[in-house]
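Encoded as structure tokens, the structure appears first; notes follow it.
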Amino acid sequence: MYRTIKIKLDRSNELVQTARIWNAACQDVIDYGFGARDFNKTRLNRATYDDVRKKYPTLPSALVQTARDQASDMLKRTKFKTKPYKQVLGAVRFDVRTMKVFLESGYCKLTTVFGRLRYNFTIPKYYLKYISWEVVNAQLKITKSNCFLNVQVGCSNPDISEGDRRIGIDLGINNIAVCSDNTFVKSGKIKAIKGKYQHLRSKLQSIGTRSAKRKLQKLSGRERRFQKDTNHNIANWILKKPFDIIVLEDLTNIRKHTYNKKLGKWSFAELRSIIEYKAEGIGKQVIAINPKYTSQTCSKCGFQKKSNRNGKTFKCKSCGFQLDADLNASRNIATFSRTDTSRVHVNHPIVAE
């Protein structure tokens, strides 16, 4: 499994100039590949390497190779439908040939257009648990006042728990998450905060001045950070529960069926992604199942009928069993995961034979 450590570096002229030249070289390869309709790395290298080295003589060969790899990946991603463009100070890709990161010692050596340079750093406490992991690659990102080196580290996956204790999670609008163990994450406070952001956003949009647009951009950033932090807290709360298997709904098309002005843009996909990677780190399994009929089926007797659910209340037309509708659905999610042939184990390691 892999994790990313965000390291803050001083914003130096050497790094800025390296980023400018590297991104220009990457764009040259993109231009050729887009015109030739080719993203094969070998053919791109043969066609562009000599020209790039002549045009950017201070760019080391190893960085030319990473620029070519980046161009190839961008072309492959867009499939030639649109032409990719690199920003002047876009992210720079480093591999094991172009960087050495010593996490325990607190410094790194990066290949630049001025040679191999050393940079000291301090790792935030949160990332200290990863300092013994193997460094795989890194990306340099430059902002107005700082540089950040996003270092990807990896280690072998922990053993997957062999237990079969399952918890079903129903994700929705009235309650962000409802667990089959009778616990809820209600959305009242979250809706209130999202409502404030929506109100401020509409006011700033109606003003339309340059300063209002700047404030709108800052507001959007705060809202995204609030949402991400909330999803992390919900994921931690779920994963602390004494269960071996986390069962979620596959909510790929949720926005086609449900919408709430204050919560409709909530990123359930982000929440699921956070649960998946955190579960991988502690050896728990995550399963995604088709949510069809989970809200219509009685979790006690199994009787299924659309009229069983009436708003927030579920009452079985067969046995009379009554329960909160979301809680009933979460129990069905856990049960259906044992028999649903469409279920997907989302965090099992891929083992090559």
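Each chain in the structure tokens gets a letter, A, B and so on, in the order shown; residues start at 1 in every chain, and ligands are counted from 1 in the order they appear.
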Near-Met1 (chain A) list (9 Å; only C-alpha atoms; drop same-chain fewer than 4 positions) as a list of chain:residue names: A:Val153, A:Gly154, A:Cys155, A:Ser156, A:Asn157, A:Pro158, A:Tyr277, A:Glu280, A:Gly281, A:Pro349
Residues from the last selection, all heavy atoms, saved as an mmCIF file, in the first residue's frame:
```
data_model
loop_
_atom_site.group_PDB
_atom_site.id
_atom_site.type_symbol
_atom_site.label_atom_id
_atom_site.label_comp_id
_atom_site.auth_asym_id
_atom_site.auth_seq_id
_atom_site.Cartn_x
_atom_site.Cartn_y
_atom_site.Cartn_z
ATOM 1 N N VAL A 153 5.330 7.008 -0.498
ATOM 2 C CA VAL A 153 6.042 5.920 0.172
ATOM 3 C C VAL A 153 5.164 4.684 0.168
ATOM 4 O O VAL A 153 3.939 4.767 0.080
ATOM 5 C CB VAL A 153 6.425 6.306 1.621
ATOM 6 C CG1 VAL A 153 7.417 7.455 1.630
ATOM 7 C CG2 VAL A 153 5.174 6.679 2.434
ATOM 8 N N GLY A 154 5.791 3.525 0.229
ATOM 9 C CA GLY A 154 5.033 2.277 0.170
ATOM 10 C C GLY A 154 5.574 1.243 1.137
ATOM 11 O O GLY A 154 6.728 1.293 1.565
ATOM 12 N N CYS A 155 4.702 0.300 1.480
ATOM 13 C CA CYS A 155 5.107 -0.858 2.273
ATOM 14 C C CYS A 155 4.139 -1.987 1.943
ATOM 15 O O CYS A 155 3.119 -1.788 1.290
ATOM 16 C CB CYS A 155 5.114 -0.552 3.774
ATOM 17 S SG CYS A 155 3.495 -0.507 4.541
ATOM 18 N N SER A 156 4.451 -3.187 2.397
ATOM 19 C CA SER A 156 3.586 -4.335 2.119
ATOM 20 C C SER A 156 2.275 -4.204 2.877
ATOM 21 O O SER A 156 2.218 -3.621 3.969
ATOM 22 C CB SER A 156 4.291 -5.637 2.516
ATOM 23 O OG SER A 156 4.647 -5.599 3.882
ATOM 24 N N ASN A 157 1.196 -4.745 2.288
ATOM 25 C CA ASN A 157 -0.118 -4.675 2.911
ATOM 26 C C ASN A 157 -0.155 -5.490 4.199
ATOM 27 O O ASN A 157 0.407 -6.577 4.258
ATOM 28 C CB ASN A 157 -1.190 -5.215 1.959
ATOM 29 C CG ASN A 157 -1.462 -4.281 0.806
ATOM 30 O OD1 ASN A 157 -1.067 -3.129 0.845
ATOM 31 N ND2 ASN A 157 -2.124 -4.775 -0.214
ATOM 32 N N PRO A 158 -0.823 -4.973 5.243
ATOM 33 C CA PRO A 158 -1.000 -5.789 6.451
ATOM 34 C C PRO A 158 -1.918 -6.968 6.165
ATOM 35 O O PRO A 158 -2.688 -6.954 5.193
ATOM 36 C CB PRO A 158 -1.649 -4.808 7.442
ATOM 37 C CG PRO A 158 -2.326 -3.788 6.583
ATOM 38 C CD PRO A 158 -1.466 -3.656 5.353
ATOM 39 N N TYR A 277 -9.028 3.433 1.984
ATOM 40 C CA TYR A 277 -7.573 3.437 2.196
ATOM 41 C C TYR A 277 -7.223 3.335 3.673
ATOM 42 O O TYR A 277 -6.189 2.772 4.038
ATOM 43 C CB TYR A 277 -6.932 4.649 1.515
ATOM 44 C CG TYR A 277 -6.754 5.893 2.343
ATOM 45 C CD1 TYR A 277 -5.719 5.989 3.274
ATOM 46 C CD2 TYR A 277 -7.576 7.002 2.166
ATOM 47 C CE1 TYR A 277 -5.534 7.139 4.020
ATOM 48 C CE2 TYR A 277 -7.386 8.155 2.899
ATOM 49 C CZ TYR A 277 -6.371 8.220 3.827
ATOM 50 O OH TYR A 277 -6.191 9.361 4.563
ATOM 51 N N GLU A 280 -7.583 -0.377 4.556
ATOM 52 C CA GLU A 280 -6.449 -1.134 4.035
ATOM 53 C C GLU A 280 -5.275 -1.102 5.002
ATOM 54 O O GLU A 280 -4.579 -2.094 5.202
ATOM 55 C CB GLU A 280 -6.022 -0.547 2.694
ATOM 56 C CG GLU A 280 -4.841 -1.251 2.044
ATOM 57 C CD GLU A 280 -4.373 -0.561 0.788
ATOM 58 O OE1 GLU A 280 -4.235 0.683 0.810
ATOM 59 O OE2 GLU A 280 -4.144 -1.249 -0.223
ATOM 60 N N GLY A 281 -5.080 0.037 5.660
ATOM 61 C CA GLY A 281 -3.954 0.193 6.562
ATOM 62 C C GLY A 281 -4.083 -0.577 7.860
ATOM 63 O O GLY A 281 -3.078 -0.799 8.552
ATOM 64 N N PRO A 349 -5.845 -6.926 -2.136
ATOM 65 C CA PRO A 349 -4.643 -6.815 -2.981
ATOM 66 C C PRO A 349 -4.741 -7.679 -4.220
ATOM 67 O O PRO A 349 -5.380 -8.721 -4.212
ATOM 68 C CB PRO A 349 -3.514 -7.325 -2.050
ATOM 69 C CG PRO A 349 -4.201 -8.210 -1.071
ATOM 70 C CD PRO A 349 -5.574 -7.626 -0.871
#
```
Spatial neighbours of Cys301 (chain A), 9 Å, only C-alpha atoms, chain gap at least 2 places, as a ChimeraX atom specification: /A:297-299,303,316,318-319,321
Which of A:Tyr49, A:Phe102, A:Trp22, A:Phe34 sits closest to Gln70 (chain A) [using only C-alpha atoms]: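 Of all the options, A:Trp22 lies closest to Gln70 (chain A).
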Mind the document's chain letters and residue numbers, and return as JSON, numbers by chain the residues of region 267-301 of chain A that DSSP labels helix (DSSP H, G or I). {"A": [268, 269, 270, 271, 272, 273, 274, 275, 276, 277, 278, 279, 280, 281]}
Looking at A:Ala47, A:Ala19, A:Ile30, A:Ile289, which one is nearest to Gly168 (chain A), with distances taken over only C-alpha atoms?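 Residue with the minimum atom-to-atom distance to Gly168 (chain A): A:Ile289.
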Counting only C-alpha atoms, the residue among A:Asn150, A:Thr112, A:Ser145, A:Thr18 that lies closest to Val88 (chain A) is A:Thr18
For region 226-230 of chain A, work out the shell of residues within 8 Å, counting only C-alpha atoms and skipping chain neighbours fewer than 3 positions away, then give it as JSON, numbers by chain. {"A": [222, 223, 233, 234, 266, 267, 270]}
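Shell of Ile169 (chain A) at 10 Å, with only C-alpha atoms counted and residues fewer than 4 places along the chain excluded, is Ile176, Ala177, Val178, Cys179, Ser180, Asp181, Thr183, Phe184, Ile238, Ile246, Val247, Leu248, Glu249, Ala288, Asp326, Leu327, Ala329, Ser330, Arg331, Asn332, Ile333 and Ala334 of chain A.
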Take the residues from that selection and put them in a file with N, CA, C and O atoms, as an mmCIF file, in the first residue's frame.
```
data_model
loop_
_atom_site.group_PDB
_atom_site.id
_atom_site.type_symbol
_atom_site.label_atom_id
_atom_site.label_comp_id
_atom_site.auth_asym_id
_atom_site.auth_seq_id
_atom_site.Cartn_x
_atom_site.Cartn_y
_atom_site.Cartn_z
ATOM 1 N N ILE A 176 -25.878 11.375 7.238
ATOM 2 C CA ILE A 176 -24.700 11.122 6.401
ATOM 3 C C ILE A 176 -24.362 9.646 6.390
ATOM 4 O O ILE A 176 -24.080 9.044 5.354
ATOM 5 N N ALA A 177 -24.398 9.027 7.582
ATOM 6 C CA ALA A 177 -24.096 7.596 7.687
ATOM 7 C C ALA A 177 -24.924 6.987 8.807
ATOM 8 O O ALA A 177 -25.019 7.551 9.895
ATOM 9 N N VAL A 178 -25.527 5.847 8.506
ATOM 10 C CA VAL A 178 -26.260 5.074 9.510
ATOM 11 C C VAL A 178 -25.686 3.671 9.509
ATOM 12 O O VAL A 178 -25.595 3.026 8.463
ATOM 13 N N CYS A 179 -25.282 3.199 10.682
ATOM 14 C CA CYS A 179 -24.633 1.894 10.803
ATOM 15 C C CYS A 179 -25.613 0.855 11.331
ATOM 16 O O CYS A 179 -26.523 1.178 12.108
ATOM 17 N N SER A 180 -25.404 -0.377 10.937
ATOM 18 C CA SER A 180 -26.303 -1.460 11.340
ATOM 19 C C SER A 180 -26.189 -1.810 12.815
ATOM 20 O O SER A 180 -26.960 -2.631 13.313
ATOM 21 N N ASP A 181 -25.243 -1.179 13.531
ATOM 22 C CA ASP A 181 -25.146 -1.401 14.980
ATOM 23 C C ASP A 181 -25.921 -0.337 15.752
ATOM 24 O O ASP A 181 -25.644 -0.073 16.928
ATOM 25 N N THR A 183 -26.086 3.030 15.279
ATOM 26 C CA THR A 183 -25.448 4.325 15.491
ATOM 27 C C THR A 183 -25.617 5.198 14.247
ATOM 28 O O THR A 183 -25.667 4.689 13.123
ATOM 29 N N PHE A 184 -25.691 6.519 14.460
ATOM 30 C CA PHE A 184 -26.012 7.459 13.392
ATOM 31 C C PHE A 184 -24.988 8.596 13.331
ATOM 32 O O PHE A 184 -24.447 9.003 14.356
ATOM 33 N N ILE A 238 -16.159 5.165 11.967
ATOM 34 C CA ILE A 238 -16.638 3.869 11.480
ATOM 35 C C ILE A 238 -15.592 2.780 11.682
ATOM 36 O O ILE A 238 -15.886 1.672 12.143
ATOM 37 N N ILE A 246 -16.411 -3.871 6.358
ATOM 38 C CA ILE A 246 -17.243 -2.674 6.210
ATOM 39 C C ILE A 246 -17.998 -2.802 4.894
ATOM 40 O O ILE A 246 -17.379 -2.939 3.830
ATOM 41 N N VAL A 247 -19.314 -2.766 4.950
ATOM 42 C CA VAL A 247 -20.129 -2.931 3.748
ATOM 43 C C VAL A 247 -20.793 -1.600 3.417
ATOM 44 O O VAL A 247 -21.534 -1.039 4.224
ATOM 45 N N LEU A 248 -20.516 -1.088 2.224
ATOM 46 C CA LEU A 248 -21.059 0.183 1.758
ATOM 47 C C LEU A 248 -21.950 -0.034 0.549
ATOM 48 O O LEU A 248 -21.893 -1.072 -0.108
ATOM 49 N N GLU A 249 -22.751 0.981 0.243
ATOM 50 C CA GLU A 249 -23.527 0.974 -0.991
ATOM 51 C C GLU A 249 -22.689 1.522 -2.129
ATOM 52 O O GLU A 249 -21.871 2.417 -1.928
ATOM 53 N N ALA A 288 -18.441 -3.152 -1.500
ATOM 54 C CA ALA A 288 -19.473 -2.281 -2.050
ATOM 55 C C ALA A 288 -20.525 -3.144 -2.731
ATOM 56 O O ALA A 288 -20.189 -4.012 -3.535
ATOM 57 N N ASP A 326 -33.518 4.367 7.469
ATOM 58 C CA ASP A 326 -32.098 4.267 7.157
ATOM 59 C C ASP A 326 -31.423 3.148 7.946
ATOM 60 O O ASP A 326 -30.531 2.460 7.424
ATOM 61 N N LEU A 327 -31.833 2.961 9.194
ATOM 62 C CA LEU A 327 -31.277 1.878 10.001
ATOM 63 C C LEU A 327 -31.670 0.520 9.427
ATOM 64 O O LEU A 327 -30.853 -0.404 9.360
ATOM 65 N N ALA A 329 -32.269 -0.060 6.301
ATOM 66 C CA ALA A 329 -31.468 -0.230 5.082
ATOM 67 C C ALA A 329 -30.046 -0.673 5.408
ATOM 68 O O ALA A 329 -29.480 -1.539 4.734
ATOM 69 N N SER A 330 -29.457 -0.113 6.462
ATOM 70 C CA SER A 330 -28.088 -0.477 6.826
ATOM 71 C C SER A 330 -28.001 -1.948 7.239
ATOM 72 O O SER A 330 -27.021 -2.631 6.939
ATOM 73 N N ARG A 331 -29.023 -2.445 7.925
ATOM 74 C CA ARG A 331 -29.043 -3.869 8.302
ATOM 75 C C ARG A 331 -29.152 -4.751 7.058
ATOM 76 O O ARG A 331 -28.506 -5.810 6.977
ATOM 77 N N ASN A 332 -29.953 -4.301 6.089
ATOM 78 C CA ASN A 332 -30.061 -5.067 4.845
ATOM 79 C C ASN A 332 -28.750 -5.053 4.061
ATOM 80 O O ASN A 332 -28.386 -6.052 3.433
ATOM 81 N N ILE A 333 -28.052 -3.928 4.103
ATOM 82 C CA ILE A 333 -26.765 -3.837 3.397
ATOM 83 C C ILE A 333 -25.802 -4.879 3.933
ATOM 84 O O ILE A 333 -25.109 -5.564 3.171
ATOM 85 N N ALA A 334 -25.749 -5.020 5.264
ATOM 86 C CA ALA A 334 -24.867 -6.027 5.862
ATOM 87 C C ALA A 334 -25.306 -7.431 5.470
ATOM 88 O O ALA A 334 -24.477 -8.301 5.155
#
```
Counting only C-alpha atoms, what is within 7 Å of Phe314 (chain A), bar same-chain residues fewer than 4 positions away, as a CSV table (one decimal) with N, CA and C atoms, in the first residue's frame?
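Writing done, so here's selection.csv:
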```csv
chain,number,residue,atom,x,y,z
A,308,ASN,N,-43.4,-0.3,1.9
A,308,ASN,CA,-42.9,-0.6,3.2
A,308,ASN,C,-42.3,0.7,3.8
A,309,ARG,N,-41.7,1.5,3.0
A,309,ARG,CA,-41.0,2.7,3.4
A,309,ARG,C,-41.9,3.9,3.2
A,310,ASN,N,-42.1,4.7,4.2
A,310,ASN,CA,-42.8,6.0,4.1
A,310,ASN,C,-42.0,7.1,4.7
A,322,GLN,N,-41.4,-2.3,12.6
A,322,GLN,CA,-41.2,-0.8,12.4
A,322,GLN,C,-39.9,-0.4,12.9
A,323,LEU,N,-39.2,0.5,12.1
A,323,LEU,CA,-37.9,0.9,12.4
A,323,LEU,C,-37.6,2.1,11.6
A,324,ASP,N,-36.5,2.9,12.0
A,324,ASP,CA,-36.0,4.0,11.2
A,324,ASP,C,-35.6,3.4,9.8
A,325,ALA,N,-36.0,4.1,8.8
A,325,ALA,CA,-35.8,3.6,7.4
A,325,ALA,C,-34.4,3.4,7.1
```
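Checking A:Asp250, A:Asp170, A:Glu134, A:Asp159 one by one against Ala279 (chain A), counting only C-alpha atoms, you find the shortest gap at A:Asp159.
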Between A:Lys54, A:Arg46, A:Arg225, A:Lys284, smallest distance to Leu239 (chain A) by only C-alpha atoms belongs to A:Lys284
What gap, in Å, lies between CA of Lys125 (chain A) and CA of Gly283 (chain A)?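 Calculated distance between CA of Lys125 (chain A) and CA of Gly283 (chain A) is 23.0 Å.
Taking the backbone of this structure through DSSP, the residues of region 201-351 of chain A that come out as strand (DSSP E or B) are Ile245, Ile246, Val247, Leu248, Glu249, Gln285, Val286, Ile287, Ala288, Ile289, Thr297, Gln304, Arg309, Asn310, Thr313, Phe314, Lys315, Gln322, Leu323, Asp324, Val344 and His345 of chain A.
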Surrounding residues of Thr58 (chain A) excluding itself and chain neighbours under 4 positions, 12 Å, only C-alpha atoms, as a list in words: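 Within the cut-off, the hits are Glu14, Gln17, Thr18, Arg20, Ile21, Trp22, Ala25, Val52, Arg53, Lys54, Ala62, Leu63, Val64, Thr111, Thr112, Val113, Phe114 and Gly115 of chain A.
Distances from A:Leu219, A:Ile207, A:Val16, A:Val151 to Tyr127 (chain A) were compared using only C-alpha atoms, and the smallest one belongs to A:Val151.
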Could you jot down the CA of Tyr130 (chain A) to CA of Ile274 (chain A) separation for me, Å, one decimal place? 17.5 Å
Just the residues within 8 Å of Val92 (chain A), please, counting only C-alpha atoms, with nothing from its chain fewer than 3 positions along; format it as a ChimeraX atom specification. /A:19,22-23,67,139-141
Selection to disk with C-alpha atoms, as a compact mmCIF listing (two decimals), in the first residue's frame:
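Output contents, as saved in result-v3.txt:
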```
# COMPACT_ATOMS: atom_id res chain seq x y z
CA ALA A 19 10.06 23.74 -12.74
CA TRP A 22 10.91 20.94 -16.94
CA ASN A 23 7.31 21.97 -17.71
CA ALA A 67 9.08 14.92 -18.41
CA GLN A 139 6.15 15.46 -7.05
CA LEU A 140 7.35 19.02 -6.56
CA LYS A 141 4.59 21.62 -6.36
```
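Taking CA of Cys26 (chain A) and CA of Lys86 (chain A) as endpoints, the distance between them is 7.4 Å.
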